[in-house]
file start25.pdb (PDB, C-alpha atoms, pLDDT in the B column)
MODEL        1
ATOM      1  CA  MET A 222     -22.766 -28.407 -29.379  1.00 54.00           C
ATOM      2  CA  GLY A 223     -22.085 -29.273 -32.963  1.00 56.00           C
ATOM      3  CA  LEU A 224     -18.672 -29.856 -34.455  1.00 54.00           C
ATOM      4  CA  SER A 225     -18.674 -26.295 -35.843  1.00 67.00           C
ATOM      5  CA  ASP A 226     -18.827 -24.933 -32.248  1.00 84.00           C
ATOM      6  CA  PHE A 227     -15.332 -26.212 -31.512  1.00 85.00           C
ATOM      7  CA  LYS A 228     -11.917 -24.731 -32.272  1.00 88.00           C
ATOM      8  CA  VAL A 229      -8.716 -26.730 -32.543  1.00 88.00           C
ATOM      9  CA  VAL A 230      -6.043 -25.931 -29.953  1.00 88.00           C
ATOM     10  CA  SER A 231      -2.595 -27.433 -29.825  1.00 90.00           C
ATOM     11  CA  ALA A 232      -0.493 -27.548 -26.688  1.00 89.00           C
ATOM     12  CA  LYS A 233       2.982 -28.698 -25.841  1.00 93.00           C
ATOM     13  CA  VAL A 234       3.174 -30.794 -22.689  1.00 92.00           C
ATOM     14  CA  PRO A 235       6.162 -32.420 -20.996  1.00 94.00           C
ATOM     15  CA  ASP A 236       6.899 -35.965 -22.101  1.00 94.00           C
ATOM     16  CA  GLU A 237       6.011 -37.339 -18.637  1.00 95.00           C
ATOM     17  CA  VAL A 238       2.572 -35.692 -18.762  1.00 92.00           C
ATOM     18  CA  TYR A 239       1.925 -37.050 -22.262  1.00 92.00           C
ATOM     19  CA  LYS A 240       2.893 -40.584 -21.222  1.00 94.00           C
ATOM     20  CA  GLU A 241       0.650 -40.311 -18.134  1.00 92.00           C
ATOM     21  CA  LEU A 242      -2.235 -39.147 -20.356  1.00 92.00           C
ATOM     22  CA  LEU A 243      -1.703 -42.159 -22.652  1.00 92.00           C
ATOM     23  CA  LEU A 244      -1.737 -44.530 -19.675  1.00 93.00           C
ATOM     24  CA  ARG A 245      -4.722 -43.123 -17.832  1.00 93.00           C
ATOM     25  CA  VAL A 246      -7.132 -41.885 -20.518  1.00 93.00           C
ATOM     26  CA  PRO A 247      -8.440 -44.206 -23.263  1.00 93.00           C
ATOM     27  CA  GLU A 248      -7.704 -43.107 -26.841  1.00 91.00           C
ATOM     28  CA  GLY A 249     -11.249 -42.044 -27.781  1.00 92.00           C
ATOM     29  CA  ASP A 250     -11.744 -40.001 -24.567  1.00 93.00           C
ATOM     30  CA  ARG A 251      -8.567 -37.881 -24.603  1.00 91.00           C
ATOM     31  CA  SER A 252     -10.039 -34.913 -26.442  1.00 90.00           C
ATOM     32  CA  ASP A 253     -13.003 -34.782 -24.040  1.00 91.00           C
ATOM     33  CA  PHE A 254     -10.649 -35.187 -21.074  1.00 93.00           C
ATOM     34  CA  ILE A 255      -8.460 -32.263 -22.156  1.00 92.00           C
ATOM     35  CA  ARG A 256     -11.514 -30.096 -22.962  1.00 92.00           C
ATOM     36  CA  GLU A 257     -13.028 -30.806 -19.520  1.00 93.00           C
ATOM     37  CA  ALA A 258      -9.700 -30.095 -17.818  1.00 93.00           C
ATOM     38  CA  ILE A 259      -9.482 -26.703 -19.552  1.00 91.00           C
ATOM     39  CA  MET A 260     -13.122 -25.905 -18.702  1.00 91.00           C
ATOM     40  CA  ASP A 261     -12.540 -26.888 -15.060  1.00 92.00           C
ATOM     41  CA  LYS A 262      -9.449 -24.667 -14.846  1.00 91.00           C
ATOM     42  CA  LEU A 263     -11.326 -21.750 -16.440  1.00 88.00           C
ATOM     43  CA  GLN A 264     -14.129 -22.110 -13.866  1.00 88.00           C
ATOM     44  CA  LYS A 265     -11.550 -21.684 -11.094  1.00 87.00           C
ATOM     45  CA  THR A 266      -9.833 -18.688 -12.725  1.00 84.00           C
ATOM     46  CA  PRO A 267     -11.458 -15.341 -11.877  1.00 77.00           C
ATOM     47  CA  LYS A 268     -12.496 -13.104 -14.729  1.00 79.00           C
ATOM     48  CA  VAL A 269     -10.441  -9.954 -15.218  1.00 81.00           C
ATOM     49  CA  ASP A 270     -13.462  -7.661 -15.026  1.00 84.00           C
ATOM     50  CA  LYS A 271     -14.452  -9.270 -11.721  1.00 83.00           C
ATOM     51  CA  ILE A 272     -10.963  -8.629 -10.330  1.00 84.00           C
ATOM     52  CA  LEU A 273     -11.093  -4.993 -11.438  1.00 86.00           C
ATOM     53  CA  ASP A 274     -14.546  -4.654  -9.904  1.00 89.00           C
ATOM     54  CA  LEU A 275     -13.311  -6.126  -6.623  1.00 89.00           C
ATOM     55  CA  GLU A 276     -10.244  -3.841  -6.623  1.00 90.00           C
ATOM     56  CA  THR A 277     -12.483  -0.822  -7.199  1.00 91.00           C
ATOM     57  CA  ARG A 278     -14.810  -1.848  -4.394  1.00 93.00           C
ATOM     58  CA  MET A 279     -11.860  -2.490  -2.036  1.00 93.00           C
ATOM     59  CA  GLY A 280     -10.452   0.949  -2.863  1.00 91.00           C
ATOM     60  CA  ARG A 281     -13.799   2.558  -2.035  1.00 93.00           C
ATOM     61  CA  ILE A 282     -14.043   0.612   1.227  1.00 93.00           C
ATOM     62  CA  GLU A 283     -10.500   1.636   2.220  1.00 89.00           C
ATOM     63  CA  GLY A 284     -11.309   5.254   1.381  1.00 88.00           C
ATOM     64  CA  ASP A 285     -14.510   5.129   3.407  1.00 89.00           C
ATOM     65  CA  LEU A 286     -12.663   3.562   6.340  1.00 86.00           C
ATOM     66  CA  SER A 287      -9.992   6.268   6.189  1.00 81.00           C
ATOM     67  CA  GLU A 288     -12.710   8.924   6.129  1.00 82.00           C
ATOM     68  CA  ILE A 289     -14.402   7.355   9.159  1.00 83.00           C
ATOM     69  CA  ARG A 290     -11.073   7.265  11.009  1.00 75.00           C
ATOM     70  CA  ARG A 291     -10.415  10.883  10.070  1.00 74.00           C
ATOM     71  CA  CYS A 292     -13.850  11.940  11.309  1.00 76.00           C
ATOM     72  CA  LEU A 293     -13.430  10.015  14.562  1.00 71.00           C
ATOM     73  CA  ALA A 294      -9.998  11.556  15.055  1.00 67.00           C
ATOM     74  CA  ASP A 295     -11.434  15.009  14.384  1.00 62.00           C
ATOM     75  CA  LEU A 296     -14.101  14.336  16.984  1.00 65.00           C
ATOM     76  CA  GLU A 297     -11.351  12.959  19.231  1.00 59.00           C
ATOM     77  CA  LEU A 298     -13.316   9.768  19.711  1.00 50.00           C
ATOM     78  CA  LEU A 299     -10.473   7.725  18.275  1.00 52.00           C
ATOM     79  CA  THR A 300      -8.286   6.805  21.203  1.00 51.00           C
ATOM     80  CA  PHE A 301      -4.760   5.622  21.001  1.00 49.00           C
ATOM     81  CA  GLY A 302      -4.973   3.559  24.172  1.00 49.00           C
ATOM     82  CA  HIS A 303      -4.017   6.622  26.227  1.00 49.00           C
ATOM     83  CA  ARG A 304      -0.521   6.250  24.868  1.00 57.00           C
ATOM     84  CA  LYS A 305       1.453   8.228  22.381  1.00 74.00           C
ATOM     85  CA  VAL A 306       2.223   6.953  18.893  1.00 80.00           C
ATOM     86  CA  ASN A 307       5.729   5.883  17.937  1.00 83.00           C
ATOM     87  CA  PRO A 308       6.480   8.020  14.860  1.00 85.00           C
ATOM     88  CA  TYR A 309       9.293   5.675  13.826  1.00 86.00           C
ATOM     89  CA  ASP A 310       6.626   3.081  12.942  1.00 86.00           C
ATOM     90  CA  PHE A 311       6.060   5.059   9.741  1.00 88.00           C
ATOM     91  CA  CYS A 312       9.726   5.034   8.689  1.00 89.00           C
ATOM     92  CA  VAL A 313      10.876   2.929   5.775  1.00 90.00           C
ATOM     93  CA  ASP A 314      14.614   3.332   6.197  1.00 92.00           C
ATOM     94  CA  GLU A 315      17.408   5.302   7.866  1.00 93.00           C
ATOM     95  CA  VAL A 316      16.626   8.456   5.836  1.00 93.00           C
ATOM     96  CA  ASP A 317      13.090   8.551   7.271  1.00 93.00           C
ATOM     97  CA  ARG A 318      14.431   7.907  10.780  1.00 93.00           C
ATOM     98  CA  LYS A 319      16.902  10.802  10.518  1.00 94.00           C
ATOM     99  CA  ILE A 320      14.160  13.125   9.266  1.00 94.00           C
ATOM    100  CA  LEU A 321      11.923  12.238  12.208  1.00 92.00           C
ATOM    101  CA  GLU A 322      14.820  12.437  14.649  1.00 92.00           C
ATOM    102  CA  TYR A 323      15.479  16.022  13.532  1.00 93.00           C
ATOM    103  CA  LEU A 324      11.783  16.941  13.675  1.00 91.00           C
ATOM    104  CA  LEU A 325      11.402  15.423  17.136  1.00 89.00           C
ATOM    105  CA  HIS A 326      14.443  17.313  18.411  1.00 90.00           C
ATOM    106  CA  TYR A 327      13.541  20.694  16.898  1.00 89.00           C
ATOM    107  CA  LYS A 328       9.715  20.135  16.821  1.00 87.00           C
ATOM    108  CA  GLY A 329       9.661  21.311  13.199  1.00 91.00           C
ATOM    109  CA  ALA A 330      11.800  22.103  10.162  1.00 93.00           C
ATOM    110  CA  THR A 331      11.708  23.327   6.585  1.00 94.00           C
ATOM    111  CA  THR A 332      12.775  21.033   3.765  1.00 94.00           C
ATOM    112  CA  PRO A 333      15.902  23.147   3.041  1.00 94.00           C
ATOM    113  CA  GLU A 334      16.927  22.859   6.720  1.00 93.00           C
ATOM    114  CA  LEU A 335      16.509  19.084   6.610  1.00 94.00           C
ATOM    115  CA  ALA A 336      18.340  18.838   3.279  1.00 94.00           C
ATOM    116  CA  GLU A 337      21.287  20.822   4.646  1.00 94.00           C
ATOM    117  CA  TYR A 338      21.388  18.798   7.866  1.00 93.00           C
ATOM    118  CA  MET A 339      21.249  15.460   6.056  1.00 93.00           C
ATOM    119  CA  GLN A 340      23.204  16.474   2.931  1.00 94.00           C
ATOM    120  CA  ILE A 341      20.437  15.078   0.716  1.00 92.00           C
ATOM    121  CA  ASN A 342      18.406  16.571  -2.135  1.00 93.00           C
ATOM    122  CA  ARG A 343      15.476  18.535  -0.669  1.00 92.00           C
ATOM    123  CA  TRP A 344      13.038  16.938  -3.135  1.00 95.00           C
ATOM    124  CA  LEU A 345      13.866  13.526  -1.682  1.00 94.00           C
ATOM    125  CA  ILE A 346      13.232  14.981   1.778  1.00 94.00           C
ATOM    126  CA  LEU A 347       9.906  16.457   0.645  1.00 94.00           C
ATOM    127  CA  ASN A 348       8.779  13.155  -0.897  1.00 95.00           C
ATOM    128  CA  ARG A 349       9.689  11.286   2.295  1.00 94.00           C
ATOM    129  CA  LEU A 350       7.831  13.820   4.468  1.00 95.00           C
ATOM    130  CA  ARG A 351       4.737  13.496   2.282  1.00 95.00           C
ATOM    131  CA  LYS A 352       4.896   9.702   2.453  1.00 95.00           C
ATOM    132  CA  ILE A 353       5.212   9.692   6.269  1.00 94.00           C
ATOM    133  CA  HIS A 354       2.327  12.175   6.457  1.00 94.00           C
ATOM    134  CA  LYS A 355       0.102  10.132   4.113  1.00 93.00           C
ATOM    135  CA  THR A 356       0.887   6.749   5.685  1.00 91.00           C
ATOM    136  CA  SER A 357       0.354   7.911   9.263  1.00 89.00           C
ATOM    137  CA  ARG A 358      -2.859   9.732   8.338  1.00 87.00           C
ATOM    138  CA  LYS A 359      -4.189   6.628   6.589  1.00 85.00           C
ATOM    139  CA  GLN A 360      -3.358   4.329   9.515  1.00 83.00           C
ATOM    140  CA  LEU A 361      -4.231   6.605  12.436  1.00 81.00           C
ATOM    141  CA  GLY A 362      -6.744   9.044  11.055  1.00 80.00           C
ATOM    142  CA  LYS A 363      -4.344  11.862  11.972  1.00 83.00           C
ATOM    143  CA  ALA A 364      -0.842  12.469  10.657  1.00 88.00           C
ATOM    144  CA  VAL A 365       2.207  12.345  12.945  1.00 90.00           C
ATOM    145  CA  ILE A 366       3.689  15.258  10.971  1.00 93.00           C
ATOM    146  CA  GLU A 367       1.863  18.216   9.460  1.00 93.00           C
ATOM    147  CA  TYR A 368       2.835  20.895   6.956  1.00 92.00           C
ATOM    148  CA  TYR A 369       2.003  24.480   7.873  1.00 91.00           C
ATOM    149  CA  GLY A 370       2.514  27.150   5.206  1.00 89.00           C
ATOM    150  CA  GLY A 371       2.271  30.122   7.550  1.00 89.00           C
ATOM    151  CA  GLU A 372       4.735  31.271  10.181  1.00 87.00           C
ATOM    152  CA  LYS A 373       5.126  29.272  13.379  1.00 88.00           C
ATOM    153  CA  SER A 374       7.981  29.487  15.873  1.00 86.00           C
ATOM    154  CA  GLY A 375       9.938  31.664  13.459  1.00 87.00           C
ATOM    155  CA  LYS A 376       9.675  29.231  10.542  1.00 88.00           C
ATOM    156  CA  LYS A 377       7.620  29.601   7.384  1.00 90.00           C
ATOM    157  CA  LYS A 378       6.446  26.721   5.223  1.00 91.00           C
ATOM    158  CA  ALA A 379       7.673  24.033   7.610  1.00 93.00           C
ATOM    159  CA  TRP A 380       6.798  20.510   8.712  1.00 93.00           C
ATOM    160  CA  TRP A 381       5.824  20.025  12.358  1.00 94.00           C
ATOM    161  CA  ILE A 382       5.499  17.074  14.693  1.00 90.00           C
ATOM    162  CA  ASN A 383       1.925  16.504  15.859  1.00 88.00           C
ATOM    163  CA  GLU A 384       2.640  16.740  19.569  1.00 83.00           C
ATOM    164  CA  GLU A 385      -0.879  15.556  20.396  1.00 80.00           C
ATOM    165  CA  LEU A 386       0.088  12.144  18.978  1.00 79.00           C
ATOM    166  CA  VAL A 387       3.836  12.089  19.499  1.00 78.00           C
ATOM    167  CA  GLY A 388       4.565  14.583  22.321  1.00 65.00           C
ATOM    168  CA  GLU A 389       5.753  13.854  25.833  1.00 56.00           C
ATOM    169  CA  GLU A 390       3.510  11.673  27.972  1.00 45.00           C
TER     170      GLU A 390
ENDMDL
END
call {"tool": "encode", "arguments": {"input": "start25.pdb", "output": "structure tokens"}}
result
Amino acid sequence: MGLSDFKVVSAKVPDEVYKELLLRVPEGDRSDFIREAIMDKLQKTPKVDKILDLETRMGRIEGDLSEIRRCLADLELLTFGHRKVNPYDFCVDEVDRKILEYLLHYKGATTPELAEYMQINRWLILNRLRKIHKTSRKQLGKAVIEYYGGEKSGKKKAWWINEELVGEE
């Protein structure tokens, strides 16, 4: 490398670090020492495009794993240890617990019913139901609650407990 291949960089360092540099590194070697320290640190720092590539690959792997779980659950090869799933494992807070409590008691409910029971905005209820559905489906391969748009037990467009996973033992 010729002198034209280099760029000048200035850096502010704490006084203690500067004094330590003066003590440990001879005057003619300081520039090389700092350059090598920067190069060493850069070697250890992952490149942004590599991180994005790894995140993309991890996302694909997680998606593939979820698909495999879903397929196994559909084939009923995925066992749950001959035990039922605790639906409260997918709750984030008291709101989620109350929603599941109501669904477990009545086996199913519409979002307006839940909103009236809990005195909460029905959109919040809907978002929570979707999150419980998505999280449980991702972890188990099957969701602990399901939405059914048709009529079932006198209710239309309601959320239902998956009794296969949650029902009585």
call {"tool": "closest_atom_pairs", "arguments": {"input": "start25.pdb", "of": "stretch 304-373 of chain A", "to": "stretch 273-296 of chain A", "cutoff": "7 Å", "atoms": "only C-alpha atoms", "output": "JSON lines"}}
result
{"residue": "A:Lys359", "atom": "CA", "partner": "A:Ser287", "partner_atom": "CA", "distance": 5.8}
{"residue": "A:Gly362", "atom": "CA", "partner": "A:Arg291", "partner_atom": "CA", "distance": 4.2}
{"residue": "A:Lys363", "atom": "CA", "partner": "A:Arg291", "partner_atom": "CA", "distance": 6.4}
call {"tool": "resolve_selection", "arguments": {"input": "start25.pdb", "expression": "the PyMOL selection byres ((chain A and resi 332) around 9)", "output": "short mmCIF file (atom, residue, chain, number, x, y, z; two decimals) with C-alpha atoms, in the frame of the given file"}}
result
data_model
loop_
_atom_site.label_atom_id
_atom_site.label_comp_id
_atom_site.auth_asym_id
_atom_site.auth_seq_id
_atom_site.Cartn_x
_atom_site.Cartn_y
_atom_site.Cartn_z
CA ALA A 330 11.80 22.10 10.16
CA THR A 331 11.71 23.33 6.58
CA PRO A 333 15.90 23.15 3.04
CA GLU A 334 16.93 22.86 6.72
CA LEU A 335 16.51 19.08 6.61
CA ALA A 336 18.34 18.84 3.28
CA GLU A 337 21.29 20.82 4.65
CA ARG A 343 15.48 18.54 -0.67
CA TRP A 344 13.04 16.94 -3.14
CA ILE A 346 13.23 14.98 1.78
CA LEU A 347 9.91 16.46 0.64
CA LEU A 350 7.83 13.82 4.47
CA LYS A 378 6.45 26.72 5.22
CA ALA A 379 7.67 24.03 7.61
CA TRP A 380 6.80 20.51 8.71
#
call {"tool": "atom_distance", "arguments": {"input": "start25.pdb", "atom1": "atom CA of A:Arg251", "atom2": "atom CA of A:Tyr239"}}
result
10.8 Å
call {"tool": "atom_distance", "arguments": {"input": "start25.pdb", "atom1": "atom CA of A:Lys352", "atom2": "atom CA of A:Asp317"}}
result
9.6 Å
call {"tool": "resolve_selection", "arguments": {"input": "start25.pdb", "expression": "the PyMOL selection byres ((chain A and resi 368) around 12)", "output": "PyMOL selection string"}}
result
chain A and resi 324+329-332+347+350-351+353-355+364-367+369-373+376-383
call {"tool": "atom_distance", "arguments": {"input": "start25.pdb", "atom1": "atom CA of A:Val234", "atom2": "atom CA of A:Val246"}}
result
15.3 Å
call {"tool": "closest_residue", "arguments": {"input": "start25.pdb", "among": "A:Leu386, A:Ile272, A:Met339, A:Ile255", "to": "A:Leu242", "atoms": "all atoms listed in the file"}}
result
A:Ile255
call {"tool": "closest_residue", "arguments": {"input": "start25.pdb", "among": "A:Glu315, A:Thr266, A:Phe227, A:Pro235", "to": "A:Asp253", "atoms": "all atoms listed in the file"}}
result
A:Phe227
call {"tool": "axis_aligned_box", "arguments": {"input": "start25.pdb", "around": "stretch 239-255 of chain A", "padding_each_side": "4 Å", "output": "JSON"}}
result
{"center_x": -5.1, "center_y": -38.4, "center_z": -22.8, "size_x": 23.9, "size_y": 20.3, "size_z": 17.9}
call {"tool": "resolve_selection", "arguments": {"input": "start25.pdb", "expression": "the PyMOL selection byres ((chain A and resi 312) around 10)", "output": "compact mmCIF listing (two decimals) with C-alpha atoms, in the frame of the given file"}}
result
# COMPACT_ATOMS: atom_id res chain seq x y z
CA PRO A 308 6.48 8.02 14.86
CA TYR A 309 9.29 5.68 13.83
CA ASP A 310 6.63 3.08 12.94
CA PHE A 311 6.06 5.06 9.74
CA VAL A 313 10.88 2.93 5.78
CA ASP A 314 14.61 3.33 6.20
CA GLU A 315 17.41 5.30 7.87
CA VAL A 316 16.63 8.46 5.84
CA ASP A 317 13.09 8.55 7.27
CA ARG A 318 14.43 7.91 10.78
CA LYS A 319 16.90 10.80 10.52
CA ILE A 320 14.16 13.12 9.27
CA LEU A 321 11.92 12.24 12.21
CA ARG A 349 9.69 11.29 2.30
CA LEU A 350 7.83 13.82 4.47
CA LYS A 352 4.90 9.70 2.45
CA ILE A 353 5.21 9.69 6.27
CA THR A 356 0.89 6.75 5.68
CA SER A 357 0.35 7.91 9.26
call {"tool": "closest_residue", "arguments": {"input": "start25.pdb", "among": "A:Asn307, A:Ser231, A:Gln264, A:Ser252", "to": "A:Leu361", "atoms": "only C-alpha atoms"}}
result
A:Asn307
call {"tool": "closest_residue", "arguments": {"input": "start25.pdb", "among": "A:Gly249, A:Arg256, A:Ser374, A:Val306", "to": "A:Gln360", "atoms": "all atoms listed in the file"}}
result
A:Val306
